[in-house]
Amino acid sequence: MPFTKLGLYSSILRAVATKGYGEPTPIQQQAIPAILTGRDLIASAQTGTGKTAAFALPILNRLGPHQARGPRVLVLEPTRELAAQVDEAFREFGQFSDIHTALIHGGVGFGKQRNALLKGSDVVVATVGRLMDFLHERTLNLEHLQVLVLDEVDRMLDMGFINDVKKIVSLCPKKRQTLFFSATVPPEIEAVARFALTNPNRIAIGRARTVSESVTHAIYTVNQGLKFNLLVALLKKTDFHSVIVFTRTKHGADKIARQLKDEHHSVTVLHGNRSQGQRKDSLAGFKEGRYEVLVATDIAARGLDIAGVSHVINYDIPMTPDDYVHRIGRTGRAAATGDAFTIATPQEANDVKAIERFIKASIPQLKLEGFDYKALPPPAAHRPTALAPDYKPSRTHGQRPAHGQNQNRSGPRGGGGGGHGNGGGGGNRSGRPGSGPAPHAKGKPAGGQWRNRSGR
């Protein structure tokens, strides 16, 4: 079914064509007509399936001309990066209309955001913490609100924002349309849905707790002291376009970035201790190809919409199996292919089994040909110390897991992540020149494309 059959106005269809979208994704095919009816909606779909366009297009279609009296649409996001990408999507899809949008998030000053609200914006895309600040100072009121969107609701729950979300919902007019969009809908979210929604439609695309079939998985088991050596060896032999390396902690992300910089990789970092300017530059530089490797905590595991992420490498096992699904969802997006490698220690075998139970699939256990698994780890004193050029080390070096960053509300006000939409993942790697599977133990496939990068 083409977009022209979904009941969208010509100005919206023109913007869709300008974006280069072809056929709507399954979540878009089902959600757009449902939202156009005005009913409440709970929609869940795997990451990378185009959820942002699924709600932005019909909302813009319903708004009509600009009105300066106050926001008619409020979109709540758990993190800064997600908010920025959703705001960009509304601007692009509404480029042939006079709709005004405002982006509200922490990590920057209040002035420009306050002015945008006072001038009157039809659509406000906001993180929870900064929105609460403007509500408290009465710069913003929600009395004219027509549509409330709670995006990535499961992430908001994880970050401890549900009480604030309930407060925001209570300030909205009772006569409104409310839309829940989430990768998963656990029982806790059902309780919030009963509070916020009225007789909602329900759409579920794909099975819960599953990973995209376009992503190939592999586990590489190695002793703790050789993890970084194996990471370097994987990068040397992998024919990648761009790679996200996930760590559990902010300090760990800084350390790995320093070491990879010393190995002559172009590296940037994304985690909660970086300033908004640093985080914006990191994402922009990674998207533009200035950096080939992004080292990140789970702040980047939700909704990061970057074309061409061919590989995700879990340097650390994620805190929960659900986090595994979200991490690897950064590759293989929009029907493209991708590879997900996880570096595990022998002591983490039970964690690997928990992930396999969660996704209801086994993950191949591979060995990298030519890597010395019996080598002695390098002395700590000999570790590289060069800094990646684009950032300063964190001042906080605690080992608190990235998933626990939500305990400090100043972090989530500008957390990490990305967007949705039809943005693609890595290209079709089968046609890349010089690619071919490397031999592995017991003849198992590599799970990725390989070449000799020793001349880098």
# chains A, B, ... in the order shown; residues from 1 in each chain; ligands from 1

$ select_by_dssp --residues "range 211-282 of chain A" --states "strand (DSSP E or B)" --output "JSON, numbers by chain"
{"A": [215, 216, 217, 218, 219, 220, 221, 238, 243, 244, 245, 246, 267, 268, 269, 270]}

$ closest_residue --among "A:Lys227, A:Lys367, A:Lys255, A:Lys360" --to "Thr345 in chain A" --atoms "only C-alpha atoms"
A:Lys227

$ residues_around --residues "His265 in chain A" --least-positions-apart "6" --cutoff "10 Å" --atoms "only C-alpha atoms" --output "list of chain:residue names"
A:Val232, A:Leu235, A:Ala257, A:Arg258, A:Gln259, A:Tyr291, A:Glu292, A:Val293, A:Ala388, A:Arg456

$ write_last_selection --atoms "C-alpha atoms" --output "compact mmCIF listing (two decimals), in the first residue's frame"
# COMPACT_ATOMS: atom_id res chain seq x y z
CA VAL A 232 40.88 -4.46 18.13
CA LEU A 235 37.70 -4.23 14.03
CA ALA A 257 37.74 5.44 23.23
CA ARG A 258 41.22 6.46 24.37
CA GLN A 259 42.57 3.02 23.58
CA TYR A 291 34.12 9.20 13.11
CA GLU A 292 34.01 5.51 12.20
CA VAL A 293 33.47 4.28 15.76
CA ALA A 388 40.19 11.15 21.34
CA ARG A 456 45.11 1.13 8.02

$ closest_residue --among "A:Ala191, A:Ala68, A:Met159, A:Val267" --to "His100 in chain A" --atoms "only C-alpha atoms"
A:Ala68

$ residues_around --residues "Ala196 in chain A" --least-positions-apart "2" --cutoff "9 Å" --atoms "only C-alpha atoms" --output "PyMOL selection string"
chain A and resi 166+169-170+178+191-194+198

$ write_last_selection --atoms "C-alpha atoms" --output "JSON list (two decimals), in the first residue's frame"
[["chain", "number", "residue", "atom", "x", "y", "z"],
["A", 166, "LYS", "CA", 1.33, 11.10, 35.25],
["A", 169, "VAL", "CA", -1.09, 13.85, 31.82],
["A", 170, "SER", "CA", -3.19, 15.28, 34.65],
["A", 178, "THR", "CA", -3.35, 10.12, 23.50],
["A", 191, "ALA", "CA", -1.13, 0.47, 34.34],
["A", 192, "VAL", "CA", -0.09, 3.88, 32.99],
["A", 193, "ALA", "CA", -2.17, 3.28, 29.86],
["A", 194, "ARG", "CA", -5.29, 2.72, 31.95],
["A", 198, "THR", "CA", -9.57, 5.84, 26.83]]

$ closest_residue --among "A:Gly94, A:Pro187, A:Gly64, A:Gly120" --to "Leu140 in chain A" --atoms "only C-alpha atoms"
A:Gly120

$ residues_around --residues "range 153-157 of chain A" --least-positions-apart "3" --cutoff "6 Å" --atoms "only C-alpha atoms" --output "PyMOL selection string"
chain A and resi 78+150+160-162+182

$ select_by_dssp --residues "range 100-316 of chain A" --states "helix (DSSP H, G or I)" --output "PyMOL selection string"
chain A and resi 111-119+128-136+153-158+162-170+187-196+224-237+250-262+276-288+298-300

$ closest_residue --among "A:Lys51, A:Lys175, A:His264, A:Arg274" --to "Ile203 in chain A" --atoms "only C-alpha atoms"
A:Lys51

$ atom_distance --atom1 "CA of Gly7 in chain A" --atom2 "CA of Leu41 in chain A"
17.7 Å

$ residues_around --residues "Val312 in chain A" --least-positions-apart "3" --cutoff "7 Å" --atoms "only C-alpha atoms" --output "list in words"
Val243, Ile244, Val245, Ile328, Thr331, Asp339, Ala340 and Phe341 of chain A

$ write_last_selection --atoms "N, CA and C atoms" --output "PDB file, in the first residue's frame"
ATOM      1  N   VAL A 243      30.594   1.632  13.268  1.00  0.00           N
ATOM      2  CA  VAL A 243      30.418   0.697  14.380  1.00  0.00           C
ATOM      3  C   VAL A 243      30.041   1.456  15.639  1.00  0.00           C
ATOM      4  N   ILE A 244      29.061   0.924  16.368  1.00  0.00           N
ATOM      5  CA  ILE A 244      28.787   1.401  17.721  1.00  0.00           C
ATOM      6  C   ILE A 244      29.291   0.351  18.695  1.00  0.00           C
ATOM      7  N   VAL A 245      30.148   0.769  19.618  1.00  0.00           N
ATOM      8  CA  VAL A 245      30.674  -0.113  20.664  1.00  0.00           C
ATOM      9  C   VAL A 245      29.994   0.281  21.972  1.00  0.00           C
ATOM     10  N   ILE A 328      21.282  -3.868  19.770  1.00  0.00           N
ATOM     11  CA  ILE A 328      21.526  -4.377  18.424  1.00  0.00           C
ATOM     12  C   ILE A 328      20.540  -3.817  17.419  1.00  0.00           C
ATOM     13  N   THR A 331      21.602  -1.383  14.425  1.00  0.00           N
ATOM     14  CA  THR A 331      22.000  -1.817  13.090  1.00  0.00           C
ATOM     15  C   THR A 331      20.864  -2.634  12.481  1.00  0.00           C
ATOM     16  N   ASP A 339      25.310  -6.557  11.626  1.00  0.00           N
ATOM     17  CA  ASP A 339      25.907  -7.600  12.446  1.00  0.00           C
ATOM     18  C   ASP A 339      26.034  -7.115  13.881  1.00  0.00           C
ATOM     19  N   ALA A 340      25.806  -8.009  14.817  1.00  0.00           N
ATOM     20  CA  ALA A 340      25.920  -7.702  16.236  1.00  0.00           C
ATOM     21  C   ALA A 340      26.870  -8.709  16.875  1.00  0.00           C
ATOM     22  N   PHE A 341      28.003  -8.219  17.366  1.00  0.00           N
ATOM     23  CA  PHE A 341      28.986  -9.062  18.044  1.00  0.00           C
ATOM     24  C   PHE A 341      28.943  -8.748  19.541  1.00  0.00           C
TER      25      PHE A 341
END

$ closest_residue --among "A:Val108, A:Ile317, A:His217, A:His311" --to "Thr238 in chain A" --atoms "only C-alpha atoms"
A:His311
